[in-house]
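Accompanying notes for the structure given below.
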Amino acid sequence: MKKPRFKTPTGTHDILPDDQPYFQKIYNVCENIASFYGFKKIDTPILEETELFSKGTGLTTDIVQKQMYVLKTKGGDYLTLRPEFTPGIVRAYIEHGMQSLPQPIKLYSFGPVFRYEHPQAGRYRQFHQFDIEVIGEESPVIDVQIINIFYNILKELKVKNLAVEINSIGDSQCRPYYKKLLANYLRSREGALCADCRRRIRENVLRVLDCKEEKCQRIVSQAPQIIDHLCEECHSHFKRVLEFLDEIEVPYRLNPYLVRGLDYYTKTIFEIFSEEKSKDESDTKDFPVKNALASGGRYDNLVKMLGGDNVKAVGCAMGVERVQSLMRTRGLQLKKQETYPVFFAQIGNLAKRKGLKLLEEFRGVKIPIAESLGKDSLKAQLGLADKVGAQYTLLVGQREALDGSIIIRDMKTGRQDTVKLDKVVKEIEKRLR
């Protein structure tokens, strides 16, 4: 087989016809659950001003420093392919005066996002997210409702072994003291940290807690925990979040070192995983492998930071490709053989012309009809009629096309009846009742 000249760019992928039922299933479940809870759809541009993300997501985050696709327009403006939804949705909230509407504003979005990172299983440079945001509400019950929505979406998609990890990272009242405490702890062990974490101590010390290097994780596991240093307001908020989770019986576990990779988060942050058992080649014991599927949290300062009022908010996003991959690998079958009750077969150009009009008539009464107008072999067409499960095949040859008639073949019994071409739609409607 000849090697193709062109391929998809590194980190991108085609969503092939066999993949489409999974994506459509995920979208339908997400849309139905979001609509039930009163969320309205919003579509924001794929391109946004670069400063929106550098200011909103955070200058010291990996997304802004390493992963954004930035371009300079001919007019000299800097635009960025969106690496996430939240800043763009908040920008739309401010720009279109949504703060004057009854609060909260509940929005959802579904589409591609772009991050330059190392491609691996389930991780792409162009991928899709389902995102929901609640803007204009500070109650901890909304944090829990967001978690519950995504937990239920994943359950409805038959994703097994779900686990929720949750933490609070405080706010501007208590976080500065904790960051100072953490920095002092890490500086005394700086020589044992990776180069990135040594830089993070100076630039954004909380990012050290998010490092995946094993040597850094060993040091982090003994570090002070922020939940021991929350102010009274943050402690009360987080306590109520956990009480609400207990009430609805969503299983969770505290992860005191969970920080997420975005600077705008305050108070509640969380991730939802699917856990699978795997074996370490050097050991005989099973250990859990976590597939991160959804993550989010509260961002009470972002709206004001981007030029709006002092509005509280919370949101979450789910990686669609990761969910689709789990659905496939766990054997969830969605694709069904397409069936059509009627098939149109023809011989000759005049019959093809008659068929074009006839197909539109069937579309008008919403009766699915298959065809293969490009084929001339009647045998091949009848074989295709069998393949799509047609109950009736409509046959038009040169003679039928000239005298305005059509043959209806019952594919089960083989019986054939000839009717007028202009009566066939009503006749098929009657037979299909």
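Ordered as shown in the structure tokens, chains take letters A, B, and onward, while each chain numbers its residues from 1 and ligands are numbered from 1 in the order shown.
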Exercise. Name the residues in contact with stretch 182-189 of chain A at a cut-off of 9 Å, using only C-alpha atoms, excluding same-chain residues fewer than 2 positions from it; report them as a ChimeraX atom specification.
Key: /A:177-180,191-193,198,201-202,205-206,208,219-220,223-226
Quiz item: Out of stretch 142-298 of chain A, which residues get helix (DSSP H, G or I) from DSSP, as a count of residues only?
Solution: 73
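Near A:Arg322, within 10 Å and counting only C-alpha atoms, sit Ala121, Gly122, Arg123, Tyr124, Phe127, His128, Gln129, Asn291, Ala292, Leu293, Ala294 and Met327 of chain A; same-chain residues fewer than 5 positions away were not included.
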Please, could you write that set of residues out with C-alpha atoms as an mmCIF file, in the first residue's frame?
```
data_model
loop_
_atom_site.group_PDB
_atom_site.id
_atom_site.type_symbol
_atom_site.label_atom_id
_atom_site.label_comp_id
_atom_site.auth_asym_id
_atom_site.auth_seq_id
_atom_site.Cartn_x
_atom_site.Cartn_y
_atom_site.Cartn_z
ATOM 1 C CA ALA A 121 -2.618 7.697 24.750
ATOM 2 C CA GLY A 122 -5.770 9.750 25.253
ATOM 3 C CA ARG A 123 -3.869 13.058 25.093
ATOM 4 C CA TYR A 124 -3.879 15.198 21.962
ATOM 5 C CA PHE A 127 -9.020 17.635 21.560
ATOM 6 C CA HIS A 128 -12.627 18.192 22.589
ATOM 7 C CA GLN A 129 -14.120 19.246 25.893
ATOM 8 C CA ASN A 291 -7.659 8.061 34.032
ATOM 9 C CA ALA A 292 -8.451 11.748 34.616
ATOM 10 C CA LEU A 293 -11.747 12.481 32.852
ATOM 11 C CA ALA A 294 -13.115 15.736 34.288
ATOM 12 C CA MET A 327 -16.137 3.470 26.122
#
```
Closest-contact table, stretch 46-145 of chain A side, partner stretch 19-35 of chain A, 9 Å, counting only C-alpha atoms, as JSON lines:
```
{"residue": "A:Leu107", "atom": "CA", "partner": "A:Ala34", "partner_atom": "CA", "distance": 8.6}
{"residue": "A:Tyr108", "atom": "CA", "partner": "A:Ala34", "partner_atom": "CA", "distance": 7.3}
{"residue": "A:Phe110", "atom": "CA", "partner": "A:Tyr27", "partner_atom": "CA", "distance": 7.8}
{"residue": "A:Phe130", "atom": "CA", "partner": "A:Cys30", "partner_atom": "CA", "distance": 7.5}
{"residue": "A:Ile132", "atom": "CA", "partner": "A:Ala34", "partner_atom": "CA", "distance": 8.0}
```
Quiz item: Please, which residues of stretch 147-290 of chain A, numbered as in this document, come out strand (DSSP E or B) from DSSP, as a ChimeraX atom specification?
Solution: /A:162-168,252-254,266-279,286-290
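Non-sequential neighbours of A:Ala401 (distance at most 8 Å, separation of 3 or more positions within a chain, only C-alpha atoms) are Leu350, Ala351, Lys354, Val396, Gly397, Gln398, Gly404, Ser405 and Ile406 of chain A.
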Could you write out the selected residues, including C-alpha atoms, as a PDB file, in the first residue's frame?
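Writing done, so here's result.pdb:
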```
ATOM      1  CA  LEU A 350     -33.945   8.094 -17.539  1.00  0.00           C
ATOM      2  CA  ALA A 351     -34.624   5.906 -14.487  1.00  0.00           C
ATOM      3  CA  LYS A 354     -36.944   9.740 -12.135  1.00  0.00           C
ATOM      4  CA  VAL A 396     -37.445   1.415 -12.349  1.00  0.00           C
ATOM      5  CA  GLY A 397     -36.080   0.333 -15.697  1.00  0.00           C
ATOM      6  CA  GLN A 398     -36.245   1.979 -19.093  1.00  0.00           C
ATOM      7  CA  GLY A 404     -44.477   6.369 -15.514  1.00  0.00           C
ATOM      8  CA  SER A 405     -44.725   3.159 -13.496  1.00  0.00           C
ATOM      9  CA  ILE A 406     -42.612   1.460 -10.821  1.00  0.00           C
TER      10      ILE A 406
END
```
Exercise. For A:Lys158, list every protein, DNA or RNA residue within 12 Å, evaluated using only C-alpha atoms, and leave out those in the same chain fewer than 6 positions away; present the list as a list in words.
Key: Tyr22, Lys25, Ile26, Val29, Tyr151, Asn152, Ser274, Val323, Gln324, Leu326, Met327, Arg328, Thr329, Arg330, Gly331, Leu332, Gln333 and Leu334 of chain A
Go ahead and save the picked residues with N, CA and C atoms, as a PDB file, in the first residue's frame.
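Written out: out_9.pdb:
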```pdb
ATOM      1  N   TYR A  22     -19.916   7.386  19.062  1.00  0.00           N
ATOM      2  CA  TYR A  22     -19.469   7.611  20.435  1.00  0.00           C
ATOM      3  C   TYR A  22     -19.494   9.098  20.773  1.00  0.00           C
ATOM      4  N   LYS A  25     -23.068  10.165  21.091  1.00  0.00           N
ATOM      5  CA  LYS A  25     -23.640   9.673  22.348  1.00  0.00           C
ATOM      6  C   LYS A  25     -23.202  10.557  23.517  1.00  0.00           C
ATOM      7  N   ILE A  26     -21.902  10.859  23.577  1.00  0.00           N
ATOM      8  CA  ILE A  26     -21.384  11.711  24.648  1.00  0.00           C
ATOM      9  C   ILE A  26     -22.053  13.081  24.603  1.00  0.00           C
ATOM     10  N   VAL A  29     -25.789  12.864  25.799  1.00  0.00           N
ATOM     11  CA  VAL A  29     -25.919  12.700  27.246  1.00  0.00           C
ATOM     12  C   VAL A  29     -25.578  14.009  27.960  1.00  0.00           C
ATOM     13  N   TYR A 151     -20.405  13.546  37.455  1.00  0.00           N
ATOM     14  CA  TYR A 151     -20.422  12.164  37.941  1.00  0.00           C
ATOM     15  C   TYR A 151     -21.559  11.393  37.281  1.00  0.00           C
ATOM     16  N   ASN A 152     -22.722  12.020  37.156  1.00  0.00           N
ATOM     17  CA  ASN A 152     -23.874  11.359  36.537  1.00  0.00           C
ATOM     18  C   ASN A 152     -23.713  11.210  35.028  1.00  0.00           C
ATOM     19  N   SER A 274     -11.483   7.663  36.393  1.00  0.00           N
ATOM     20  CA  SER A 274     -11.878   6.263  36.304  1.00  0.00           C
ATOM     21  C   SER A 274     -10.644   5.457  36.649  1.00  0.00           C
ATOM     22  N   VAL A 323     -12.999   9.955  27.394  1.00  0.00           N
ATOM     23  CA  VAL A 323     -14.215   9.199  27.686  1.00  0.00           C
ATOM     24  C   VAL A 323     -14.529   8.248  26.528  1.00  0.00           C
ATOM     25  N   GLN A 324     -14.408   8.747  25.304  1.00  0.00           N
ATOM     26  CA  GLN A 324     -14.685   7.920  24.130  1.00  0.00           C
ATOM     27  C   GLN A 324     -13.751   6.708  24.086  1.00  0.00           C
ATOM     28  N   LEU A 326     -12.332   5.188  26.660  1.00  0.00           N
ATOM     29  CA  LEU A 326     -12.763   4.234  27.678  1.00  0.00           C
ATOM     30  C   LEU A 326     -13.983   3.447  27.234  1.00  0.00           C
ATOM     31  N   MET A 327     -14.932   4.145  26.599  1.00  0.00           N
ATOM     32  CA  MET A 327     -16.137   3.470  26.122  1.00  0.00           C
ATOM     33  C   MET A 327     -15.776   2.373  25.121  1.00  0.00           C
ATOM     34  N   ARG A 328     -14.816   2.660  24.263  1.00  0.00           N
ATOM     35  CA  ARG A 328     -14.397   1.673  23.250  1.00  0.00           C
ATOM     36  C   ARG A 328     -13.632   0.512  23.879  1.00  0.00           C
ATOM     37  N   THR A 329     -12.644   0.836  24.720  1.00  0.00           N
ATOM     38  CA  THR A 329     -11.797  -0.227  25.267  1.00  0.00           C
ATOM     39  C   THR A 329     -12.563  -1.137  26.213  1.00  0.00           C
ATOM     40  N   ARG A 330     -13.644  -0.636  26.785  1.00  0.00           N
ATOM     41  CA  ARG A 330     -14.438  -1.465  27.688  1.00  0.00           C
ATOM     42  C   ARG A 330     -15.598  -2.153  26.974  1.00  0.00           C
ATOM     43  N   GLY A 331     -15.555  -2.086  25.646  1.00  0.00           N
ATOM     44  CA  GLY A 331     -16.468  -2.912  24.865  1.00  0.00           C
ATOM     45  C   GLY A 331     -17.876  -2.391  24.709  1.00  0.00           C
ATOM     46  N   LEU A 332     -18.099  -1.095  24.975  1.00  0.00           N
ATOM     47  CA  LEU A 332     -19.433  -0.553  24.781  1.00  0.00           C
ATOM     48  C   LEU A 332     -19.696  -0.379  23.295  1.00  0.00           C
ATOM     49  N   GLN A 333     -20.642  -1.138  22.763  1.00  0.00           N
ATOM     50  CA  GLN A 333     -20.949  -1.118  21.342  1.00  0.00           C
ATOM     51  C   GLN A 333     -22.102  -0.162  21.071  1.00  0.00           C
ATOM     52  N   LEU A 334     -21.837   0.819  20.213  1.00  0.00           N
ATOM     53  CA  LEU A 334     -22.873   1.789  19.868  1.00  0.00           C
ATOM     54  C   LEU A 334     -23.291   1.691  18.406  1.00  0.00           C
TER      55      LEU A 334
END
```
